[in-house]
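Printed here is start.cif (mmCIF, C-alpha atoms and all ligand atoms):
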```
data_entry
loop_
_atom_site.label_atom_id
_atom_site.label_comp_id
_atom_site.auth_asym_id
_atom_site.auth_seq_id
_atom_site.Cartn_x
_atom_site.Cartn_y
_atom_site.Cartn_z
CA MET A 121 178.18 62.69 159.28
CA THR A 122 178.53 64.95 162.28
CA ASP A 123 177.71 68.58 161.85
CA TYR A 124 180.43 71.18 161.48
CA LEU A 125 178.80 73.36 164.11
CA VAL A 126 176.98 71.69 166.97
CA VAL A 127 174.95 73.57 169.54
CA ASP A 128 173.77 71.21 172.26
CA GLY A 129 171.37 72.11 175.05
CA LEU A 130 172.37 75.77 175.07
CA ARG A 131 170.89 77.81 177.88
CA LYS A 132 171.53 81.40 178.86
CA ALA A 133 169.68 83.58 181.35
CA PHE A 134 170.15 87.21 182.26
CA GLY A 135 168.99 87.49 185.83
CA ARG A 136 165.51 86.01 185.88
CA GLU A 137 165.09 86.40 182.12
CA THR A 138 165.83 83.20 180.22
CA ALA A 139 167.05 84.39 176.83
CA VAL A 140 167.90 80.95 175.42
CA ASP A 141 166.08 78.01 176.91
CA GLY A 142 167.97 74.83 176.11
CA ILE A 143 168.24 74.73 172.33
CA SER A 144 170.06 72.20 170.16
CA PHE A 145 170.88 72.27 166.48
CA GLY A 146 173.62 71.54 164.00
CA VAL A 147 174.92 73.07 160.79
CA GLU A 148 176.56 70.96 158.11
CA LYS A 149 179.87 72.07 156.67
CA GLY A 150 179.46 74.76 154.04
CA LYS A 151 175.77 75.34 154.74
CA ILE A 152 173.93 78.40 155.93
CA LEU A 153 171.39 78.15 158.71
CA THR A 154 169.07 80.97 159.72
CA LEU A 155 167.70 81.69 163.16
CA LEU A 156 164.38 83.37 162.50
CA GLY A 157 162.04 84.75 165.12
CA PRO A 158 160.46 87.83 166.66
CA SER A 159 162.28 90.44 168.67
CA GLY A 160 163.58 89.13 171.98
CA CYS A 161 163.34 85.41 171.12
CA GLY A 162 167.04 84.83 171.78
CA LYS A 163 168.63 84.97 168.34
CA THR A 164 171.44 87.37 169.16
CA THR A 165 172.16 85.66 172.47
CA THR A 166 172.55 82.33 170.65
CA LEU A 167 174.92 83.91 168.15
CA ARG A 168 176.95 85.61 170.88
CA CYS A 169 177.30 82.28 172.69
CA ILE A 170 178.64 80.69 169.50
CA ALA A 171 181.08 83.56 169.06
CA GLY A 172 182.23 83.30 172.66
CA LEU A 173 180.91 86.73 173.62
CA GLU A 174 178.60 85.21 176.24
CA HIS A 175 179.21 82.50 178.80
CA PRO A 176 176.29 80.04 178.57
CA ASP A 177 174.71 78.66 181.75
CA ALA A 178 174.40 75.20 180.26
CA GLY A 179 175.13 73.31 177.09
CA ALA A 180 177.99 72.82 174.68
CA ILE A 181 179.19 74.39 171.44
CA VAL A 182 181.46 72.41 169.11
CA ILE A 183 183.06 73.77 165.93
CA ASP A 184 184.70 71.30 163.55
CA GLY A 185 185.01 68.69 166.27
CA GLU A 186 186.60 71.08 168.77
CA THR A 187 184.65 71.94 171.87
CA MET A 188 184.47 75.72 172.27
CA THR A 189 182.16 75.84 175.22
CA SER A 190 181.07 73.16 177.61
CA ALA A 191 179.34 74.29 180.74
CA ARG A 192 179.64 70.80 182.21
CA GLU A 193 183.39 70.53 181.57
CA ARG A 194 183.87 74.16 182.57
CA LEU A 195 185.54 74.73 179.24
CA PHE A 196 185.46 78.09 177.48
CA VAL A 197 187.58 79.04 174.49
CA PRO A 198 187.87 82.85 174.26
CA PRO A 199 186.37 84.52 171.17
CA GLU A 200 189.68 85.40 169.53
CA ARG A 201 190.70 81.72 169.51
CA ARG A 202 187.48 80.46 167.90
CA SER A 203 188.19 81.60 164.35
CA VAL A 204 184.71 83.00 163.89
CA GLY A 205 183.88 86.00 161.67
CA LEU A 206 181.09 88.35 162.70
CA VAL A 207 178.94 90.73 160.69
CA PHE A 208 176.56 92.85 162.72
CA GLN A 209 173.77 95.26 162.03
CA SER A 210 175.76 98.40 162.76
CA TYR A 211 178.39 98.88 160.12
CA ALA A 212 181.28 99.18 162.57
CA VAL A 213 183.66 100.57 160.00
CA TRP A 214 186.31 103.04 161.11
CA PRO A 215 185.55 106.36 159.43
CA HIS A 216 189.07 107.77 159.48
CA MET A 217 190.47 104.82 157.54
CA THR A 218 190.27 103.82 153.91
CA VAL A 219 188.51 100.64 152.84
CA ALA A 220 191.81 98.77 152.58
CA GLN A 221 192.95 100.02 155.99
CA ASN A 222 189.67 99.03 157.56
CA VAL A 223 190.03 95.54 156.23
CA SER A 224 193.75 95.12 156.94
CA TYR A 225 193.68 96.60 160.43
CA PRO A 226 192.91 93.35 162.29
CA LEU A 227 195.88 91.70 160.56
CA GLU A 228 198.21 94.61 161.27
CA VAL A 229 197.52 94.68 164.99
CA ARG A 230 198.46 91.03 164.98
CA LYS A 231 201.66 91.99 163.17
CA TRP A 232 201.18 89.94 160.04
CA PRO A 233 203.87 90.37 157.36
CA ARG A 234 203.04 93.26 155.01
CA VAL A 235 203.16 91.33 151.77
CA GLU A 236 200.78 88.75 153.08
CA VAL A 237 198.41 91.41 154.42
CA ALA A 238 198.32 93.18 151.05
CA ALA A 239 197.59 89.95 149.21
CA ARG A 240 194.82 88.93 151.56
CA VAL A 241 193.20 92.36 151.48
CA GLU A 242 193.17 92.30 147.68
CA ARG A 243 191.58 88.90 147.70
CA VAL A 244 188.76 89.68 150.13
CA LEU A 245 188.02 93.06 148.55
CA GLU A 246 187.60 91.26 145.27
CA MET A 247 185.33 88.73 146.91
CA VAL A 248 182.97 91.41 148.19
CA GLY A 249 183.24 93.56 145.06
CA LEU A 250 185.06 96.52 146.61
CA SER A 251 188.43 96.45 144.82
CA ARG A 252 187.70 99.75 143.10
CA TYR A 253 187.09 101.44 146.42
CA ARG A 254 190.18 100.25 148.24
CA ASP A 255 191.56 103.78 148.79
CA GLN A 256 188.24 105.47 149.44
CA TYR A 257 187.53 106.71 152.96
CA ALA A 258 184.93 104.60 154.67
CA THR A 259 182.66 107.55 155.45
CA LYS A 260 182.28 108.18 151.71
CA LEU A 261 180.70 104.78 151.20
CA SER A 262 177.01 103.95 151.00
CA GLY A 263 175.38 101.79 153.67
CA GLY A 264 175.59 98.74 151.42
CA GLN A 265 179.26 99.33 150.69
CA GLN A 266 179.98 99.77 154.38
CA GLN A 267 178.36 96.43 155.06
CA ARG A 268 180.61 94.91 152.42
CA VAL A 269 183.61 96.33 154.27
CA ALA A 270 182.32 94.68 157.43
CA LEU A 271 181.92 91.42 155.51
CA ALA A 272 185.45 91.68 154.08
CA ARG A 273 186.78 92.24 157.58
CA ALA A 274 184.95 89.20 158.83
CA LEU A 275 186.46 87.11 156.02
CA ILE A 276 190.03 88.38 156.33
CA PHE A 277 191.08 85.72 158.85
CA ASN A 278 189.64 82.95 156.77
CA PRO A 279 187.33 82.02 159.64
CA ARG A 280 185.86 78.56 160.14
CA LEU A 281 182.44 80.06 160.74
CA LEU A 282 180.64 83.24 159.72
CA LEU A 283 177.97 84.70 161.97
CA PHE A 284 175.56 87.34 160.68
CA ASP A 285 173.28 89.31 162.99
CA GLU A 286 170.65 91.18 160.97
CA PRO A 287 173.38 92.60 158.74
CA LEU A 288 170.95 94.21 156.30
CA SER A 289 168.36 95.73 158.57
CA ASN A 290 169.72 99.28 158.32
CA LEU A 291 169.47 99.30 154.54
CA ASP A 292 166.55 100.25 152.34
CA ALA A 293 164.40 97.53 150.82
CA LYS A 294 165.94 97.46 147.32
CA LEU A 295 169.49 97.35 148.57
CA ARG A 296 168.61 94.75 151.12
CA GLU A 297 167.30 92.49 148.39
CA GLN A 298 170.40 92.97 146.29
CA LEU A 299 172.80 92.44 149.15
CA ARG A 300 171.04 89.35 150.38
CA MET A 301 171.58 87.76 146.97
CA GLU A 302 175.23 88.74 147.13
CA ILE A 303 175.63 87.20 150.55
CA VAL A 304 174.11 83.96 149.26
CA HIS A 305 176.46 83.87 146.29
CA LEU A 306 179.48 84.71 148.36
CA GLN A 307 178.62 82.18 151.03
CA ARG A 308 178.17 79.46 148.38
CA GLU A 309 181.35 80.44 146.57
CA VAL A 310 183.53 80.53 149.66
CA GLY A 311 181.63 77.57 151.06
CA ILE A 312 181.91 78.92 154.56
CA THR A 313 179.62 77.47 157.21
CA SER A 314 177.34 80.26 158.42
CA VAL A 315 174.65 81.14 160.91
CA TYR A 316 172.42 84.04 159.91
CA VAL A 317 170.05 85.85 162.25
CA THR A 318 167.01 87.74 161.04
CA HIS A 319 163.40 88.48 161.92
CA ASP A 320 162.57 88.91 158.23
CA GLN A 321 161.03 85.74 156.85
CA ALA A 322 161.62 86.65 153.20
CA GLU A 323 165.29 87.16 153.93
CA ALA A 324 165.44 83.82 155.72
CA MET A 325 163.84 82.07 152.76
CA VAL A 326 166.26 83.53 150.22
CA ILE A 327 169.39 82.99 152.23
CA SER A 328 169.07 79.71 154.05
CA ASP A 329 169.70 76.06 153.45
CA ARG A 330 167.81 75.48 156.66
CA ILE A 331 165.70 77.67 158.92
CA ILE A 332 165.11 77.46 162.64
CA VAL A 333 162.04 79.31 163.86
CA MET A 334 162.58 80.52 167.41
CA ASN A 335 160.11 81.83 169.97
CA ARG A 336 160.76 82.74 173.59
CA GLY A 337 164.18 81.16 173.71
CA ARG A 338 163.06 77.88 172.18
CA ILE A 339 162.97 76.20 168.79
CA GLU A 340 159.47 75.93 167.37
CA GLN A 341 160.51 74.22 164.14
CA GLU A 342 163.52 73.42 162.02
CA GLY A 343 163.39 72.69 158.31
CA ASP A 344 163.90 74.07 154.83
CA ALA A 345 161.89 77.09 153.71
CA ARG A 346 159.30 75.06 151.82
CA THR A 347 158.59 72.67 154.67
CA ILE A 348 158.20 75.46 157.17
CA TYR A 349 155.83 77.35 154.91
CA THR A 350 153.68 74.44 153.77
CA HIS A 351 153.88 72.22 156.88
CA PRO A 352 154.22 74.49 159.89
CA ALA A 353 154.43 72.57 163.15
CA ASN A 354 152.07 74.81 165.07
CA ARG A 355 150.07 78.02 165.13
CA PHE A 356 153.07 80.20 165.96
CA VAL A 357 155.07 79.06 162.93
CA ALA A 358 152.04 79.21 160.62
CA GLN A 359 151.41 82.81 161.61
CA PHE A 360 155.00 83.96 161.74
CA ILE A 361 155.87 82.71 158.23
CA GLY A 362 153.72 84.38 155.64
CA GLN A 363 150.04 85.09 156.04
CA ALA A 364 147.74 82.46 157.39
CA ASN A 365 144.06 81.70 157.74
CA LEU A 366 143.73 79.35 160.69
CA ILE A 367 140.33 77.85 161.32
CA SER A 368 139.49 75.48 164.15
CA GLY A 369 137.86 72.23 163.20
CA GLN A 370 137.36 68.60 164.00
CA VAL A 371 138.24 65.56 161.91
CA MET A 372 134.96 63.82 161.06
CA GLU A 373 136.21 61.21 158.64
CA VAL A 374 139.44 59.77 157.30
CA ASP A 375 139.15 58.40 153.79
CA GLY A 376 140.38 54.82 153.74
CA LEU A 377 141.55 55.09 150.14
CA ASP A 378 143.45 58.33 149.71
CA GLY A 379 143.83 59.30 153.38
CA SER A 380 142.10 62.61 152.82
CA LEU A 381 140.17 64.10 155.70
CA ARG A 382 136.75 65.56 156.11
CA VAL A 383 137.00 68.29 158.67
CA ASP A 384 134.10 70.26 160.05
CA VAL A 385 135.29 73.80 160.56
CA ALA A 386 133.72 75.93 163.24
CA LEU A 387 132.01 79.09 162.06
CA GLY A 388 130.34 81.80 164.08
CA ALA A 389 127.17 81.18 166.16
CA GLY A 390 127.76 77.43 166.30
CA GLY A 391 127.74 77.07 162.51
CA ARG A 392 129.84 74.42 160.79
CA ALA A 393 131.02 73.72 157.30
CA PRO A 394 132.71 70.61 155.90
CA LEU A 395 136.09 70.93 154.19
CA ARG A 396 138.15 68.24 152.57
CA ALA A 397 141.86 68.38 153.39
CA LEU A 398 144.76 66.87 151.48
CA PRO A 399 147.44 65.87 152.17
CA PRO A 400 146.64 65.00 155.73
CA GLY A 401 149.07 65.72 158.51
CA ALA A 402 150.64 62.56 159.89
CA GLY A 403 148.66 60.58 162.42
CA LEU A 404 145.40 62.48 162.25
CA GLN A 405 142.41 60.47 163.37
CA ARG A 406 138.67 60.78 163.51
CA GLY A 407 137.50 63.02 166.32
CA MET A 408 140.76 64.98 166.67
CA ARG A 409 140.67 68.74 166.98
CA VAL A 410 142.75 70.54 164.39
CA LEU A 411 143.59 73.92 162.99
CA ILE A 412 143.22 74.14 159.24
CA LEU A 413 145.82 76.36 157.64
CA ILE A 414 144.87 77.96 154.34
CA ARG A 415 147.23 80.48 152.75
CA PRO A 416 145.43 83.50 151.25
CA GLU A 417 147.05 83.00 147.82
CA ASP A 418 145.59 79.48 147.57
CA ILE A 419 141.98 80.64 147.78
CA GLU A 420 139.92 81.30 144.67
CA VAL A 421 137.32 84.03 144.79
CA GLY A 422 134.27 83.56 142.59
CA PRO A 423 130.59 84.46 142.30
CA ALA A 424 128.32 83.16 145.04
CA GLY A 425 125.59 80.68 144.34
CA ALA A 426 126.38 80.11 140.66
CA THR A 427 127.80 76.69 141.27
CA SER A 428 127.99 75.12 144.64
CA ARG A 429 131.73 74.69 144.65
CA ASP A 430 133.30 71.51 145.84
CA ASN A 431 135.16 72.44 149.00
CA GLY A 432 133.86 75.95 149.05
CA LEU A 433 132.77 78.50 151.59
CA GLU A 434 130.39 81.36 150.99
CA GLY A 435 130.79 84.77 152.50
CA THR A 436 130.49 88.52 152.20
CA VAL A 437 133.36 90.75 151.09
CA VAL A 438 134.35 93.08 153.92
CA SER A 439 137.15 94.81 152.05
CA ALA A 440 139.02 94.53 148.79
CA VAL A 441 142.35 96.31 148.53
CA TYR A 442 144.20 96.64 145.25
CA MET A 443 147.83 95.58 145.77
CA GLY A 444 149.08 95.56 142.19
CA GLN A 445 149.87 91.86 141.87
CA TYR A 446 146.68 90.83 143.62
CA LEU A 447 143.49 91.98 145.28
CA ASP A 448 143.60 91.51 149.02
CA TYR A 449 140.16 90.42 150.22
CA GLN A 450 138.77 90.13 153.71
CA VAL A 451 135.72 87.95 153.55
CA ASP A 452 133.30 87.26 156.37
CA VAL A 453 132.23 83.62 156.31
CA ALA A 454 129.46 83.25 158.87
CA GLY A 455 131.39 85.18 161.48
CA VAL A 456 134.88 83.93 160.58
CA ARG A 457 137.20 86.37 158.83
CA ILE A 458 139.07 84.87 155.89
CA ARG A 459 141.78 86.55 153.91
CA ALA A 460 142.09 85.75 150.22
CA GLN A 461 144.45 87.10 147.60
CA ALA A 462 143.08 86.81 144.10
CA LYS A 463 144.03 87.99 140.62
CA PRO A 464 143.53 91.77 140.41
CA GLY A 465 140.96 91.24 137.67
CA ALA A 466 138.43 89.87 140.14
CA PRO A 467 135.75 92.51 140.41
CA TYR A 468 134.24 92.08 143.87
CA ARG A 469 133.70 94.88 146.34
CA GLY A 470 132.68 95.34 149.94
CA GLY A 471 129.20 93.88 150.49
CA ASP A 472 129.33 91.43 147.57
CA ARG A 473 128.50 87.80 148.23
CA VAL A 474 131.29 85.52 147.02
CA ALA A 475 132.22 81.85 147.01
CA LEU A 476 135.69 80.94 148.19
CA GLY A 477 137.22 77.92 146.50
CA VAL A 478 139.60 76.10 148.80
CA PRO A 479 141.51 73.28 147.07
CA PRO A 480 141.89 70.27 149.39
CA ALA A 481 145.64 70.19 148.75
CA ALA A 482 145.88 73.74 150.12
CA CYS A 483 144.26 72.79 153.42
CA PHE A 484 146.91 71.73 155.90
CA CYS A 485 145.83 70.33 159.25
CA ILE A 486 147.78 71.09 162.39
CA PRO A 487 146.79 68.90 165.35
CA GLU A 488 145.63 71.13 168.16
CA GLU A 489 147.76 69.24 170.69
CA SER A 490 150.90 70.51 169.00
CA ASP A 491 149.57 74.03 169.32
CA GLY A 492 151.71 75.14 172.20
CA GLN A 493 150.14 78.58 172.62
N1 LIG A 501 173.00 91.67 178.19
C1 LIG A 501 171.71 91.44 178.52
N2 LIG A 501 171.24 91.73 179.75
C2 LIG A 501 169.97 91.47 180.11
N3 LIG A 501 169.06 90.93 179.28
C3 LIG A 501 169.44 90.61 178.04
C4 LIG A 501 170.79 90.85 177.59
N4 LIG A 501 170.88 90.43 176.31
C5 LIG A 501 169.66 89.96 175.98
N5 LIG A 501 168.80 90.07 177.00
C6 LIG A 501 167.39 89.63 177.00
O1 LIG A 501 167.32 88.32 176.49
C7 LIG A 501 166.23 88.17 175.59
C8 LIG A 501 166.72 87.73 174.25
O2 LIG A 501 167.47 88.77 173.67
P1 LIG A 501 168.17 88.67 172.25
O3 LIG A 501 168.95 89.91 172.05
O4 LIG A 501 168.92 87.39 172.15
O5 LIG A 501 166.92 88.63 171.28
P2 LIG A 501 166.85 88.74 169.68
O6 LIG A 501 166.07 87.55 169.23
O7 LIG A 501 168.19 88.94 169.11
O8 LIG A 501 165.93 90.04 169.48
P3 LIG A 501 166.01 91.20 168.35
O9 LIG A 501 165.33 90.66 167.14
O10 LIG A 501 165.25 92.31 168.98
O11 LIG A 501 167.45 91.52 168.13
C9 LIG A 501 165.52 89.50 175.58
O12 LIG A 501 164.42 89.44 176.45
C10 LIG A 501 166.55 90.48 176.07
O13 LIG A 501 165.94 91.54 176.77
MG MG A 502 169.07 90.51 168.06
#
```

Rewrite the structure of this file - the entire thing - as structure tokens.
Ligand SMILES: Nc1ncnc2c1ncn2[C@@H]1O[C@H](COP(=O)(O)OP(=O)(O)OP(=O)(O)O)[C@@H](O)[C@H]1O
Ligand SMILES: [Mg+2]
Amino acid sequence: MTDYLVVDGLRKAFGRETAVDGISFGVEKGKILTLLGPSGCGKTTTLRCIAGLEHPDAGAIVIDGETMTSARERLFVPPERRSVGLVFQSYAVWPHMTVAQNVSYPLEVRKWPRVEVAARVERVLEMVGLSRYRDQYATKLSGGQQQRVALARALIFNPRLLLFDEPLSNLDAKLREQLRMEIVHLQREVGITSVYVTHDQAEAMVISDRIIVMNRGRIEQEGDARTIYTHPANRFVAQFIGQANLISGQVMEVDGLDGSLRVDVALGAGGRAPLRALPPGAGLQRGMRVLILIRPEDIEVGPAGATSRDNGLEGTVVSAVYMGQYLDYQVDVAGVRIRAQAKPGAPYRGGDRVALGVPPAACFCIPEESDGQ
């Protein structure tokens, strides 16, 4: 099955600055894909190319089998003929109009029949939960309600594609969480194919069917939230998504039976410690240099020396910060700083010797060759 939206070899530079450096991806019909990445990585530029607000230097964009942009064929469909709805960060509602007027305005300038306009406005206001506010002036609305107006306006033309550019970033944390759930529900209900841009990884995880992690105009990895978190392709992705301990090491042994690895991790002053890693990354062989990724929440913190833990590391607590749900430890293991998040009951303090339990299944090996930094 071909994707509903296809972006193929998209490239866009501004002067000498390459904002988007030849990226390709697809979105299946009815799905929501997120472009996730740090500031300046090219998310907005990609979105603007899809919307037709930028002329790409190279590549093609196809929506529902129709080519919208093809640099090679010198084809460019103007934005108003792409049937794409946009929701941006700034609310962009007109303050001197009511909610209903804000939403109906785009239809009125195109001289749609009144009855049809009224019916459509009712329907989209219901969809975004604003029916009660239809006659309220837009300035009287909260930030979240204003974003719903913007969403209603994006939906009013029944677009083939919805594009979101950090639509929640002006809202406070609680509201952002609530609205992101609403967007998910609405998107599923309407079944409208969407591309969502954010630099907030939690938002990306909640909202997306698939996530693309971008960096410097390129795609670092594409996958679902779980894959990207548990099997990051490289150092950049591992560090950008969640918190990561990354320790350099070398594969010393590959177990012939279960495929598990023994990796010697490098500690300070030439020290080494063996760790067993499961499941192994594909194609890892003896002698290869790797980065071991261990998420802080997967590490157990226990008393030093009591038992020599299988797959353990010993160290000294540098700091222990109470975070409510967990204690956030920094532990010095022979010159390597490891972060561990343990149950708040754990009683260790700065200076205490502790043993860190690292389950083999929580050690994920990233081959150093794929570490494009
Ligand atoms: N109109 C423009 N003129 C010149 N440079 C631009 C223009 N638009 C974007 N850029 C540059 O292209 C790069 C990518 O910008 P873009 O806005 O796509 O990033 P972004 O991922 O959306 O970042 P943010 O998270 O900050 O919104 C940046 O270096 C930016 O400075
Ligand atoms: Mg942007």

Subject >> Residue neighbourhood Gly470 in chain A, 7 Å, all atoms listed in the file, exclusion window fewer than 4 positions, as a count of residues only >> reply: 4

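Across A:Leu275, A:Ala460, A:Leu125, A:Pro467, the tightest approach to Thr187 in chain A is made by A:Leu125 when counting all atoms listed in the file.
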
**OP:** With only C-alpha atoms and all ligand atoms counted, collect every polymer residue having an atom within 8 Å of ligand MG 502 (chain A); state the result as a PyMOL selection string.
**Re:** chain A and resi 159-160+162-165+285-286+317-318

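The nearest approach to Asp418 in chain A among the residues A:Thr122, A:Asp375, A:Asp452, A:Pro480, with all atoms listed in the file taken into account, belongs to A:Pro480.
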
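Taking all atoms listed in the file into account, the protein, DNA and RNA residues within 7 Å of (182.8, 100.4, 146.6) read Leu250, Arg252, Tyr253, Leu261 and Gln265 of chain A.
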
Original post:
If we count all atoms listed in the file, what is near Thr189 in chain A at a cut-off of 10 Å, once residues fewer than 3 positions away on the same chain are taken out, given as a PyMOL selection string?
Top reply: chain A and resi 127+130+169-172+175-176+178-183+186+192-198

**OP:** List all protein, DNA and RNA residues that have an atom no more than 12 Å from any atom of ligand LIG 501 (chain A), counting only C-alpha atoms and all ligand atoms, and report them as a PyMOL selection string.
**Re:** chain A and resi 131-141+154-169+173-176+208-209+284-287+289+316-320+333-339

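A straight line drawn from CA of Tyr468 in chain A to CA of Leu433 in chain A is 15.7 Å long.
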